[in-house]
$ cat run-v2.cif   # mmCIF, C-alpha atoms; chains and numbers go by the auth columns
data_input
#
loop_
_atom_site.group_PDB
_atom_site.id
_atom_site.type_symbol
_atom_site.label_atom_id
_atom_site.label_comp_id
_atom_site.label_asym_id
_atom_site.label_seq_id
_atom_site.Cartn_x
_atom_site.Cartn_y
_atom_site.Cartn_z
_atom_site.B_iso_or_equiv
_atom_site.auth_seq_id
_atom_site.auth_asym_id
ATOM 1 C CA MET A 1 36.900 -33.870 -12.824 0.00 108 A
ATOM 2 C CA GLY A 2 35.296 -30.613 -11.654 0.00 109 A
ATOM 3 C CA LEU A 3 31.863 -29.439 -12.650 0.00 110 A
ATOM 4 C CA ILE A 4 31.621 -26.806 -15.374 0.00 111 A
ATOM 5 C CA PHE A 5 28.963 -24.110 -15.060 0.00 112 A
ATOM 6 C CA SER A 6 27.857 -21.853 -17.884 0.00 113 A
ATOM 7 C CA LYS A 7 28.092 -18.112 -17.403 0.00 114 A
ATOM 8 C CA LYS A 8 24.312 -17.906 -17.326 0.00 115 A
ATOM 9 C CA LEU A 9 24.052 -20.477 -14.540 0.00 116 A
ATOM 10 C CA GLU A 10 26.822 -18.812 -12.547 0.00 117 A
ATOM 11 C CA THR A 11 24.966 -15.501 -12.550 0.00 118 A
ATOM 12 C CA ARG A 12 22.075 -15.154 -10.130 0.00 119 A
ATOM 13 C CA LEU A 13 19.240 -13.554 -12.022 0.00 120 A
ATOM 14 C CA LYS A 14 18.081 -10.267 -10.546 0.00 121 A
ATOM 15 C CA ARG A 15 14.346 -10.527 -10.025 0.00 122 A
ATOM 16 C CA ILE A 16 12.452 -7.493 -11.324 0.00 123 A
ATOM 17 C CA ILE A 17 8.749 -6.688 -11.105 0.00 124 A
ATOM 18 C CA ILE A 18 7.183 -4.127 -13.446 0.00 125 A
ATOM 19 C CA ALA A 19 3.997 -2.204 -12.690 0.00 126 A
ATOM 20 C CA ASP A 20 2.451 -0.593 -15.775 0.00 127 A
ATOM 21 C CA ASP A 21 -1.153 -0.580 -16.945 0.00 128 A
ATOM 22 C CA HIS A 22 -0.104 -0.996 -20.581 0.00 129 A
ATOM 23 C CA ALA A 23 0.586 -4.616 -21.547 0.00 130 A
ATOM 24 C CA VAL A 24 2.660 -3.494 -24.543 0.00 131 A
ATOM 25 C CA VAL A 25 5.113 -1.708 -22.221 0.00 132 A
ATOM 26 C CA ARG A 26 5.426 -4.741 -19.958 0.00 133 A
ATOM 27 C CA THR A 27 5.957 -6.997 -22.979 0.00 134 A
ATOM 28 C CA GLY A 28 8.504 -4.617 -24.485 0.00 135 A
ATOM 29 C CA LEU A 29 10.594 -4.559 -21.329 0.00 136 A
ATOM 30 C CA GLN A 30 10.346 -8.323 -21.058 0.00 137 A
ATOM 31 C CA MET A 31 11.768 -8.638 -24.579 0.00 138 A
ATOM 32 C CA ILE A 32 14.580 -6.185 -23.787 0.00 139 A
ATOM 33 C CA LEU A 33 15.630 -8.003 -20.611 0.00 140 A
ATOM 34 C CA ASP A 34 15.315 -11.436 -22.225 0.00 141 A
ATOM 35 C CA GLU A 35 18.495 -10.505 -24.116 0.00 142 A
ATOM 36 C CA THR A 36 20.458 -10.287 -20.845 0.00 143 A
ATOM 37 C CA THR A 37 21.871 -13.083 -18.690 0.00 144 A
ATOM 38 C CA ASP A 38 21.470 -11.321 -15.336 0.00 145 A
ATOM 39 C CA LEU A 39 18.087 -9.545 -15.403 0.00 146 A
ATOM 40 C CA CYS A 40 14.631 -11.119 -15.384 0.00 147 A
ATOM 41 C CA ILE A 41 11.124 -9.718 -15.169 0.00 148 A
ATOM 42 C CA CYS A 42 9.649 -12.231 -12.745 0.00 149 A
ATOM 43 C CA GLY A 43 6.456 -10.355 -11.893 0.00 150 A
ATOM 44 C CA GLU A 44 3.967 -7.966 -13.479 0.00 151 A
ATOM 45 C CA ALA A 45 1.223 -5.692 -12.136 0.00 152 A
ATOM 46 C CA SER A 46 -1.254 -3.438 -13.897 0.00 153 A
ATOM 47 C CA ASN A 47 -1.892 -1.066 -10.972 0.00 154 A
ATOM 48 C CA GLY A 48 -0.477 -0.001 -7.622 0.00 155 A
ATOM 49 C CA TYR A 49 -2.716 -2.179 -5.478 0.00 156 A
ATOM 50 C CA GLU A 50 -1.739 -5.288 -7.436 0.00 157 A
ATOM 51 C CA LEU A 51 1.936 -4.371 -7.127 0.00 158 A
ATOM 52 C CA ILE A 52 1.762 -4.024 -3.333 0.00 159 A
ATOM 53 C CA ASP A 53 -0.051 -7.371 -3.062 0.00 160 A
ATOM 54 C CA LYS A 54 2.665 -9.102 -5.103 0.00 161 A
ATOM 55 C CA LEU A 55 5.458 -7.518 -3.084 0.00 162 A
ATOM 56 C CA LYS A 56 3.877 -9.018 0.033 0.00 163 A
ATOM 57 C CA THR A 57 3.950 -12.547 -1.385 0.00 164 A
ATOM 58 C CA ASP A 58 7.235 -12.730 -3.298 0.00 165 A
ATOM 59 C CA ASN A 59 10.777 -11.349 -3.204 0.00 166 A
ATOM 60 C CA TYR A 60 12.192 -9.014 -5.831 0.00 167 A
ATOM 61 C CA ASP A 61 15.456 -7.134 -6.322 0.00 168 A
ATOM 62 C CA LEU A 62 13.992 -4.110 -8.098 0.00 169 A
ATOM 63 C CA VAL A 63 10.658 -2.474 -8.976 0.00 170 A
ATOM 64 C CA ILE A 64 9.969 -0.679 -12.255 0.00 171 A
ATOM 65 C CA LEU A 65 7.012 1.620 -11.612 0.00 172 A
ATOM 66 C CA ASP A 66 4.975 3.541 -14.186 0.00 173 A
ATOM 67 C CA ILE A 67 4.377 7.202 -13.332 0.00 174 A
ATOM 68 C CA SER A 68 0.652 7.079 -14.108 0.00 175 A
ATOM 69 C CA MET A 69 -1.640 4.145 -13.414 0.00 176 A
ATOM 70 C CA PRO A 70 -5.273 3.700 -12.410 0.00 177 A
ATOM 71 C CA GLY A 71 -6.081 3.177 -8.741 0.00 178 A
ATOM 72 C CA LYS A 72 -3.450 3.948 -6.107 0.00 179 A
ATOM 73 C CA ASP A 73 -1.415 7.050 -6.931 0.00 180 A
ATOM 74 C CA THR A 74 2.226 6.453 -7.902 0.00 181 A
ATOM 75 C CA ILE A 75 3.584 8.743 -5.168 0.00 182 A
ATOM 76 C CA ASP A 76 1.555 6.851 -2.561 0.00 183 A
ATOM 77 C CA VAL A 77 2.804 3.523 -3.962 0.00 184 A
ATOM 78 C CA LEU A 78 6.396 4.761 -3.824 0.00 185 A
ATOM 79 C CA LYS A 79 5.991 5.949 -0.243 0.00 186 A
ATOM 80 C CA GLU A 80 4.491 2.623 0.830 0.00 187 A
ATOM 81 C CA ILE A 81 7.363 0.715 -0.757 0.00 188 A
ATOM 82 C CA GLN A 82 9.856 2.959 1.034 0.00 189 A
ATOM 83 C CA ALA A 83 8.079 2.459 4.355 0.00 190 A
ATOM 84 C CA THR A 84 7.698 -1.326 4.083 0.00 191 A
ATOM 85 C CA TRP A 85 10.583 -2.456 1.857 0.00 192 A
ATOM 86 C CA ALA A 86 13.124 0.289 2.488 0.00 193 A
ATOM 87 C CA ARG A 87 15.998 -1.523 0.754 0.00 194 A
ATOM 88 C CA LEU A 88 14.013 -2.333 -2.398 0.00 195 A
ATOM 89 C CA PRO A 89 15.059 0.067 -5.202 0.00 196 A
ATOM 90 C CA VAL A 90 12.382 1.626 -7.411 0.00 197 A
ATOM 91 C CA VAL A 91 12.924 2.902 -10.948 0.00 198 A
ATOM 92 C CA ILE A 92 10.227 5.250 -12.251 0.00 199 A
ATOM 93 C CA LEU A 93 9.236 4.864 -15.908 0.00 200 A
ATOM 94 C CA SER A 94 7.544 7.872 -17.494 0.00 201 A
ATOM 95 C CA MET A 95 6.562 9.605 -20.713 0.00 202 A
ATOM 96 C CA ASN A 96 6.685 12.984 -18.934 0.00 203 A
ATOM 97 C CA PRO A 97 9.647 15.367 -19.099 0.00 204 A
ATOM 98 C CA ASP A 98 12.004 15.483 -16.112 0.00 205 A
ATOM 99 C CA GLU A 99 10.849 18.885 -14.914 0.00 206 A
ATOM 100 C CA ILE A 100 7.343 17.636 -14.105 0.00 207 A
ATOM 101 C CA TYR A 101 7.898 14.621 -11.876 0.00 208 A
ATOM 102 C CA ALA A 102 11.580 13.617 -11.637 0.00 209 A
ATOM 103 C CA VAL A 103 12.606 15.646 -8.590 0.00 210 A
ATOM 104 C CA ARG A 104 9.415 14.791 -6.702 0.00 211 A
ATOM 105 C CA MET A 105 9.897 11.071 -7.312 0.00 212 A
ATOM 106 C CA ILE A 106 13.592 11.187 -6.407 0.00 213 A
ATOM 107 C CA ARG A 107 12.746 13.070 -3.202 0.00 214 A
ATOM 108 C CA ASN A 108 10.385 10.243 -2.292 0.00 215 A
ATOM 109 C CA GLY A 109 13.037 7.590 -2.698 0.00 216 A
ATOM 110 C CA ALA A 110 13.111 6.618 -6.381 0.00 217 A
ATOM 111 C CA SER A 111 16.547 5.385 -7.442 0.00 218 A
ATOM 112 C CA ALA A 112 16.122 6.536 -11.048 0.00 219 A
ATOM 113 C CA TYR A 113 13.636 8.304 -13.309 0.00 220 A
ATOM 114 C CA ILE A 114 13.676 6.987 -16.886 0.00 221 A
ATOM 115 C CA ASN A 115 11.797 8.268 -19.909 0.00 222 A
ATOM 116 C CA LYS A 116 10.043 5.508 -21.879 0.00 223 A
ATOM 117 C CA GLU A 117 11.804 6.688 -25.035 0.00 224 A
ATOM 118 C CA THR A 118 15.236 5.873 -23.567 0.00 225 A
ATOM 119 C CA ASP A 119 17.398 3.544 -25.667 0.00 226 A
ATOM 120 C CA PRO A 120 16.945 -0.116 -24.569 0.00 227 A
ATOM 121 C CA GLN A 121 20.668 -0.636 -23.945 0.00 228 A
ATOM 122 C CA GLN A 122 20.753 2.457 -21.760 0.00 229 A
ATOM 123 C CA ILE A 123 17.759 1.175 -19.791 0.00 230 A
ATOM 124 C CA ILE A 124 19.650 -2.055 -19.122 0.00 231 A
ATOM 125 C CA ALA A 125 22.714 -0.077 -18.013 0.00 232 A
ATOM 126 C CA ILE A 126 20.628 2.093 -15.659 0.00 233 A
ATOM 127 C CA LEU A 127 18.944 -0.935 -14.100 0.00 234 A
ATOM 128 C CA ARG A 128 22.352 -2.484 -13.426 0.00 235 A
ATOM 129 C CA VAL A 129 23.586 0.738 -11.790 0.00 236 A
ATOM 130 C CA VAL A 130 20.555 0.778 -9.489 0.00 237 A
ATOM 131 C CA LEU A 131 20.881 -2.935 -8.706 0.00 238 A
ATOM 132 C CA SER A 132 24.474 -2.285 -7.630 0.00 239 A
ATOM 133 C CA GLY A 133 23.106 -0.119 -4.816 0.00 240 A
ATOM 134 C CA LYS A 134 23.538 3.283 -6.465 0.00 241 A
ATOM 135 C CA LYS A 135 21.139 5.934 -7.715 0.00 242 A
ATOM 136 C CA TYR A 136 21.109 7.116 -11.311 0.00 243 A
ATOM 137 C CA PHE A 137 20.451 10.760 -12.202 0.00 244 A
ATOM 138 C CA THR A 138 20.819 12.416 -15.588 0.00 245 A
ATOM 139 C CA GLN A 139 22.760 15.682 -15.760 0.00 246 A
ATOM 140 C CA GLN A 140 19.484 17.624 -16.013 0.00 247 A
ATOM 141 C CA GLN A 141 18.045 15.849 -12.968 0.00 248 A
ATOM 142 C CA SER A 142 21.225 16.528 -10.975 0.00 249 A
ATOM 143 C CA GLU A 143 21.042 20.223 -11.874 0.00 250 A
ATOM 144 C CA MET A 144 17.375 20.380 -10.878 0.00 251 A
ATOM 145 C CA LEU A 145 18.141 18.787 -7.506 0.00 252 A
ATOM 146 C CA ALA A 146 21.001 21.225 -6.983 0.00 253 A
ATOM 147 C CA ASP A 147 18.713 24.157 -7.763 0.00 254 A
ATOM 148 C CA LEU A 148 16.400 23.093 -4.936 0.00 255 A
ATOM 149 C CA VAL A 149 19.223 22.605 -2.428 0.00 256 A
ATOM 150 C CA ILE A 150 21.305 25.731 -3.068 0.00 257 A
ATOM 151 C CA GLU A 151 19.301 28.744 -1.871 0.00 258 A
ATOM 152 C CA PRO A 152 15.979 27.561 -3.360 0.00 259 A
ATOM 153 C CA GLU A 153 14.221 30.796 -2.345 0.00 260 A
ATOM 154 C CA LYS A 154 16.547 32.730 -4.675 0.00 261 A
ATOM 155 C CA ASN A 155 16.342 30.289 -7.544 0.00 262 A
ATOM 156 C CA THR A 156 14.146 31.517 -10.367 0.00 263 A
ATOM 157 C CA ASN A 157 14.470 28.198 -12.243 0.00 264 A
ATOM 158 C CA VAL A 158 12.269 26.338 -9.752 0.00 265 A
ATOM 159 C CA LEU A 159 8.732 26.030 -11.141 0.00 266 A
ATOM 160 C CA LEU A 160 5.714 27.053 -9.060 0.00 267 A
ATOM 161 C CA HIS A 161 4.316 23.530 -8.736 0.00 268 A
ATOM 162 C CA GLU A 162 7.563 22.374 -7.092 0.00 269 A
ATOM 163 C CA ALA A 163 6.545 24.396 -4.024 0.00 270 A
ATOM 164 C CA LEU A 164 3.548 22.109 -3.503 0.00 271 A
ATOM 165 C CA SER A 165 3.608 19.234 -1.064 0.00 272 A
ATOM 166 C CA ASP A 166 3.127 15.749 -2.508 0.00 273 A
ATOM 167 C CA ARG A 167 -0.545 15.694 -1.467 0.00 274 A
ATOM 168 C CA GLU A 168 -1.099 19.191 -2.869 0.00 275 A
ATOM 169 C CA PHE A 169 0.520 18.179 -6.142 0.00 276 A
ATOM 170 C CA GLN A 170 -1.749 15.119 -6.384 0.00 277 A
ATOM 171 C CA ILE A 171 -4.842 17.274 -5.833 0.00 278 A
ATOM 172 C CA PHE A 172 -3.534 20.000 -8.167 0.00 279 A
ATOM 173 C CA SER A 173 -3.134 17.444 -10.980 0.00 280 A
ATOM 174 C CA MET A 174 -6.605 16.017 -10.398 0.00 281 A
ATOM 175 C CA LEU A 175 -8.302 19.422 -10.257 0.00 282 A
ATOM 176 C CA ALA A 176 -6.472 20.486 -13.410 0.00 283 A
ATOM 177 C CA SER A 177 -7.728 17.369 -15.219 0.00 284 A
ATOM 178 C CA GLY A 178 -11.324 18.315 -14.364 0.00 285 A
ATOM 179 C CA MET A 179 -12.041 15.964 -11.456 0.00 286 A
ATOM 180 C CA LYS A 180 -14.627 17.129 -8.911 0.00 287 A
ATOM 181 C CA LYS A 181 -13.900 17.458 -5.198 0.00 288 A
ATOM 182 C CA SER A 182 -16.098 14.444 -4.431 0.00 289 A
ATOM 183 C CA GLU A 183 -14.204 12.305 -6.959 0.00 290 A
ATOM 184 C CA ILE A 184 -10.836 13.346 -5.574 0.00 291 A
ATOM 185 C CA ALA A 185 -12.000 12.763 -2.011 0.00 292 A
ATOM 186 C CA GLY A 186 -13.118 9.246 -2.924 0.00 293 A
ATOM 187 C CA LYS A 187 -9.860 8.414 -4.707 0.00 294 A
ATOM 188 C CA LEU A 188 -7.631 9.711 -1.920 0.00 295 A
ATOM 189 C CA SER A 189 -9.918 8.646 0.966 0.00 296 A
ATOM 190 C CA ILE A 190 -10.084 12.125 2.496 0.00 297 A
ATOM 191 C CA SER A 191 -12.988 14.548 3.060 0.00 298 A
ATOM 192 C CA LYS A 192 -14.236 17.190 0.632 0.00 299 A
ATOM 193 C CA ASN A 193 -13.418 19.846 3.249 0.00 300 A
ATOM 194 C CA THR A 194 -9.817 18.676 3.271 0.00 301 A
ATOM 195 C CA ILE A 195 -9.765 18.891 -0.527 0.00 302 A
ATOM 196 C CA GLY A 196 -11.054 22.457 -0.244 0.00 303 A
ATOM 197 C CA ASN A 197 -8.320 23.401 2.229 0.00 304 A
ATOM 198 C CA HIS A 198 -5.656 21.915 -0.027 0.00 305 A
ATOM 199 C CA ARG A 199 -7.087 23.773 -3.014 0.00 306 A
ATOM 200 C CA SER A 200 -6.823 27.076 -1.133 0.00 307 A
ATOM 201 C CA ASN A 201 -3.199 26.362 -0.261 0.00 308 A
ATOM 202 C CA ILE A 202 -2.450 25.413 -3.868 0.00 309 A
ATOM 203 C CA MET A 203 -3.959 28.606 -5.236 0.00 310 A
ATOM 204 C CA HIS A 204 -2.040 30.701 -2.704 0.00 311 A
ATOM 205 C CA LYS A 205 1.331 29.042 -3.340 0.00 312 A
ATOM 206 C CA MET A 206 0.943 29.261 -7.111 0.00 313 A
ATOM 207 C CA ASN A 207 -0.651 32.719 -7.147 0.00 314 A
ATOM 208 C CA LEU A 208 -3.691 31.466 -9.076 0.00 315 A
ATOM 209 C CA ALA A 209 -7.300 32.546 -8.676 0.00 316 A
ATOM 210 C CA THR A 210 -9.474 30.089 -10.607 0.00 317 A
ATOM 211 C CA ASN A 211 -9.565 26.460 -11.706 0.00 318 A
ATOM 212 C CA SER A 212 -9.258 27.689 -15.291 0.00 319 A
ATOM 213 C CA GLU A 213 -5.913 29.315 -14.476 0.00 320 A
ATOM 214 C CA LEU A 214 -4.841 26.147 -12.695 0.00 321 A
ATOM 215 C CA THR A 215 -5.734 24.016 -15.726 0.00 322 A
ATOM 216 C CA ARG A 216 -3.988 26.437 -18.089 0.00 323 A
ATOM 217 C CA TYR A 217 -0.798 26.236 -16.016 0.00 324 A
ATOM 218 C CA ALA A 218 -0.955 22.424 -15.972 0.00 325 A
ATOM 219 C CA ILE A 219 -1.349 22.257 -19.754 0.00 326 A
ATOM 220 C CA GLN A 220 1.441 24.791 -20.393 0.00 327 A
ATOM 221 C CA HIS A 221 3.848 22.747 -18.273 0.00 328 A
ATOM 222 C CA GLY A 222 2.859 19.349 -19.642 0.00 329 A
ATOM 223 C CA ILE A 223 1.361 18.105 -16.374 0.00 330 A
ATOM 224 C CA ILE A 224 -1.854 17.228 -18.176 0.00 331 A
ATOM 225 C CA LYS A 225 -2.449 16.768 -21.895 0.00 332 A
#

$ encode --input "run-v2.cif" --output "structure tokens"
Amino acid sequence: MGLIFSKKLETRLKRIIIADDHAVVRTGLQMILDETTDLCICGEASNGYELIDKLKTDNYDLVILDISMPGKDTIDVLKEIQATWARLPVVILSMNPDEIYAVRMIRNGASAYINKETDPQQIIAILRVVLSGKKYFTQQQSEMLADLVIEPEKNTNVLLHEALSDREFQIFSMLASGMKKSEIAGKLSISKNTIGNHRSNIMHKMNLATNSELTRYAIQHGIIK
């Protein structure tokens, strides 16, 4: 008589690690995925450094990465994952609207950009799409990507901060939030002179003159609260 396996045993659980500094978010996702038979949160991290350490010691099928955590910047974490674990898909989880971070994260290799208010069943569906080897973009995200590809210099829908490089955008966000050059230099491990050069480039690209204007722009566009 042959052996009989349950559906749950037949299905290899997809191992997921979530990096988010809020325990309630990690717990909430755990509860959502506990209802599935194929997805499992098998690792948690509260910051980027902890995530990278865990990726070095264990194997996962997918990373869920919060857009904003203390310590290592999310863009830098994403780039390191792409450089070291190129085939490991990353799903960005965010409270910010698409127009602020989605395109930048997708450009850097993210397989999906999900708002934290997304319906739980849709989150599960998106994770399964990504785990199948595909990328998931909403209609708005697809249109934003198209705007940047099709004659971007003529496209008036592209916001000024999209012209910034990833490093410039990091420094722009930090300056707008009131951080000093010395603080930014320490966080990013670069010199204050380099910060100053980046600031000049930022102001030129965005046609701004003062930090006050920079902060006002960031608030108006939801980049800082």

$ atom_distance --input "run-v2.cif" --atom1 "CA of Ile207 (chain A)" --atom2 "CA of Leu252 (chain A)"
12.7 Å

$ residues_around --input "run-v2.cif" --residues "Pro177 (chain A)" --least-positions-apart "2" --cutoff "9 Å" --atoms "only C-alpha atoms" --output "PyMOL selection string"
chain A and resi 128+153-155+175+179-180

$ write_last_selection --input "run-v2.cif" --atoms "C-alpha atoms" --output "PDB file, in the frame of the given file"
ATOM      1  CA  ASP A 128      -1.153  -0.580 -16.945  1.00  0.00           C
ATOM      2  CA  SER A 153      -1.254  -3.438 -13.897  1.00  0.00           C
ATOM      3  CA  ASN A 154      -1.892  -1.066 -10.972  1.00  0.00           C
ATOM      4  CA  GLY A 155      -0.477  -0.001  -7.622  1.00  0.00           C
ATOM      5  CA  SER A 175       0.652   7.079 -14.108  1.00  0.00           C
ATOM      6  CA  LYS A 179      -3.450   3.948  -6.107  1.00  0.00           C
ATOM      7  CA  ASP A 180      -1.415   7.050  -6.931  1.00  0.00           C
TER       8      ASP A 180
END

$ atom_distance --input "run-v2.cif" --atom1 "CA of Gln229 (chain A)" --atom2 "CA of Cys149 (chain A)"
20.5 Å

$ residues_around --input "run-v2.cif" --residues "Arg133 (chain A)" --least-positions-apart "6" --cutoff "9 Å" --atoms "only C-alpha atoms" --output "list in words"
Ile125, Ala126, Asp127, Ile148, Glu151 and Ala152 of chain A

$ atom_distance --input "run-v2.cif" --atom1 "CA of Ile221 (chain A)" --atom2 "CA of Leu200 (chain A)"
5.0 Å

$ residues_around --input "run-v2.cif" --residues "Gln327 (chain A)" --least-positions-apart "4" --cutoff "12 Å" --atoms "all atoms listed in the file" --output "ChimeraX atom specification"
/A:207,266,283,320-323,331-332

$ closest_atom_pairs --input "run-v2.cif" --of "region 200-287 of chain A" --to "region 181-189 of chain A" --cutoff "9 Å" --atoms "all atoms listed in the file" --output "Markdown table"
| residue | atom | partner | partner_atom | distance |
| --- | --- | --- | --- | --- |
| A:Arg211 | CA | A:Ile182 | CA | 8.5 |
| A:Met212 | CA | A:Ile182 | CA | 7.1 |
| A:Asn215 | CA | A:Lys186 | CA | 6.5 |
| A:Gly216 | CA | A:Gln189 | CA | 6.7 |
| A:Ala217 | CA | A:Leu185 | CA | 7.4 |
| A:Asp273 | CA | A:Ile182 | CA | 7.5 |
| A:Arg274 | CA | A:Ile182 | CA | 8.9 |
| A:Gln277 | CA | A:Ile182 | CA | 8.4 |

$ resolve_selection --input "run-v2.cif" --expression "the PyMOL selection byres ((chain A and resi 224) around 12)" --output "ChimeraX atom specification"
/A:132,135-136,200-204,220-223,225-230

$ closest_residue --input "run-v2.cif" --among "A:Thr301, A:Leu295, A:Ile124, A:Arg119" --to "Thr144 (chain A)" --atoms "all atoms listed in the file"
A:Arg119

$ closest_residue --input "run-v2.cif" --among "A:Ile213, A:Ile297, A:Trp192, A:Ile302" --to "Ile278 (chain A)" --atoms "all atoms listed in the file"
A:Ile302

$ residues_near_point --input "run-v2.cif" --point "(5.8, -2.1, -7.7)" --cutoff "6 Å" --atoms "all atoms listed in the file" --output "NGL selection string"
:A and (126 or 158 or 170 or 172)

$ resolve_selection --input "run-v2.cif" --expression "the PyMOL selection byres ((chain A and resi 231) around 12)" --output "number ranges by chain"
A: 121, 123, 136-147, 171, 198, 221, 225-230, 232-238
